[in-house]
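**Student:** Got a structure here, written out as structure tokens. Questions coming.
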Amino acid sequence: MAGLGAFHGLNPAMGWLFTVALGLHRADRRFVLLSPIWIALGHAASVAAVAALFIWTGSVIDPQVVRIGGGCVLIGWAAYHWRYGHRHRVRFGMQAGAAALVAWSLLMGTAHGAGLMLWPVLMPLCASPGETMAGLLTTSVAGVAVHTPAMLAVATAVAIVVYEWIGLTILRRAWINCDLIWTIGLIAAGGVLLIS
């Protein structure tokens with residue numbers, strides 16, 4: 001969970017690039033330090049909503065069906081993201097406040113399948129025989145509580161390094177296609193669910 005949180009924190013679509021842009025636009029380092037907190041709250045809400053949906057689904061439907069369905073959804077979402085994801089961007093301006101950052105992060109985390117990506121890790125933890133609903137919720141909340149601080153720490157560290165030392169000009173020369181990496185990650189997570 002912490003590793004996936006760090007991976008989410010590295011992805012510019014999950015907030016650090018927006019954080020740096022806000023700091024540069026407003027010429028204030030405080031935005032680079034404070035914005036990731038609001039972004040992490042929205043991200044946690046997105047992950048928690050998907051985890052809650054899977055817990056509810058798993059309590060009503062056979063876990064094997066949920067696993068196979070979850071794998072298919074992940075692979076289908078990866079295909080959609082690969083084909084159309086770059087065309088469907090949520091637009092927020094540089095005057096975004098805390099509430100707009102939380103909403104933006106919630107939408108982006110959900111659109112990128114952040115919560116779906118965690119399901120291969122959460123599912124084995126939640127699928128123990130005889131697990132109660134309270135146990136499932138506790139496990140999921142613990143997962144989100146481990147994932148979110150890791151995402152927050154990495155995204156904040158990257159934003160500070162880019163804002164203070166590297167600058168945005170390096171992104172023109174050394175950009176990594178995170179959308180492609182994310183799509184491959186979604187396919188891999190879906191594949192893990194389908195073959196496990």
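We label chains A, B, ... in the order they appear in the structure tokens, count residues from 1 in each chain, and number ligands from 1 in the order shown.
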Just want the 10 Å neighbourhood of stretch 151-157 of chain A, counted on only C-alpha atoms, with same-chain residues fewer than 3 positions away dropped. Output as a PyMOL selection string.

**Tutor:** chain A and resi 1-12+14-17+19-20+32-41+43-44+146-148+160-163

**Student:** Each residue of stretch 109-169 of chain A lying at most 10 Å from stretch 176-190 of chain A should get a row with its shortest atom-to-atom pair and the distance in Å to one decimal, counting only C-alpha atoms; could you produce that, ordered by chain and increasing number, as CSV?

**Tutor:**
residue,atom,partner,partner_atom,distance
A:His112,CA,A:Trp182,CA,8.0
A:Gly113,CA,A:Leu186,CA,7.7
A:Ala114,CA,A:Leu186,CA,9.0
A:Leu116,CA,A:Leu186,CA,8.1
A:Met117,CA,A:Leu186,CA,6.2
A:Leu118,CA,A:Ala189,CA,8.2
A:Trp119,CA,A:Ala189,CA,8.1
A:Pro120,CA,A:Ala189,CA,6.2
A:Val121,CA,A:Ala189,CA,9.0

**Student:** Save out the residues we just selected, C-alpha atoms, as a CSV table (one decimal), in the first residue's frame.

**Tutor:**
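Dumped to out_11.csv:
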chain,number,residue,atom,x,y,z
A,112,HIS,CA,-7.2,7.6,-13.3
A,113,GLY,CA,-8.4,4.5,-11.4
A,114,ALA,CA,-6.4,5.2,-8.3
A,116,LEU,CA,-9.0,0.4,-8.6
A,117,MET,CA,-5.3,0.1,-8.6
A,118,LEU,CA,-5.2,-0.7,-4.9
A,119,TRP,CA,-7.7,-3.5,-5.1
A,120,PRO,CA,-5.2,-6.3,-5.9
A,121,VAL,CA,-3.5,-5.4,-2.6

**Student:** Go through A:Leu22, A:Leu136, A:His81, A:Gly42 one by one, measure the shortest atom-to-atom distance of each to A:Leu106 using only C-alpha atoms, and give the residue with the smallest value.

**Tutor:**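 Nearest candidate to A:Leu106 out of A:Leu22, A:Leu136, A:His81, A:Gly42: A:Gly42.
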
**Student:** Give me every helix (DSSP H, G or I) residue in stretch 17-121 of chain A, going by DSSP on the backbone, as an MDAnalysis selection string.

**Tutor:** chainID A and resid 17:26 29:60 63:87 98:111 114:121
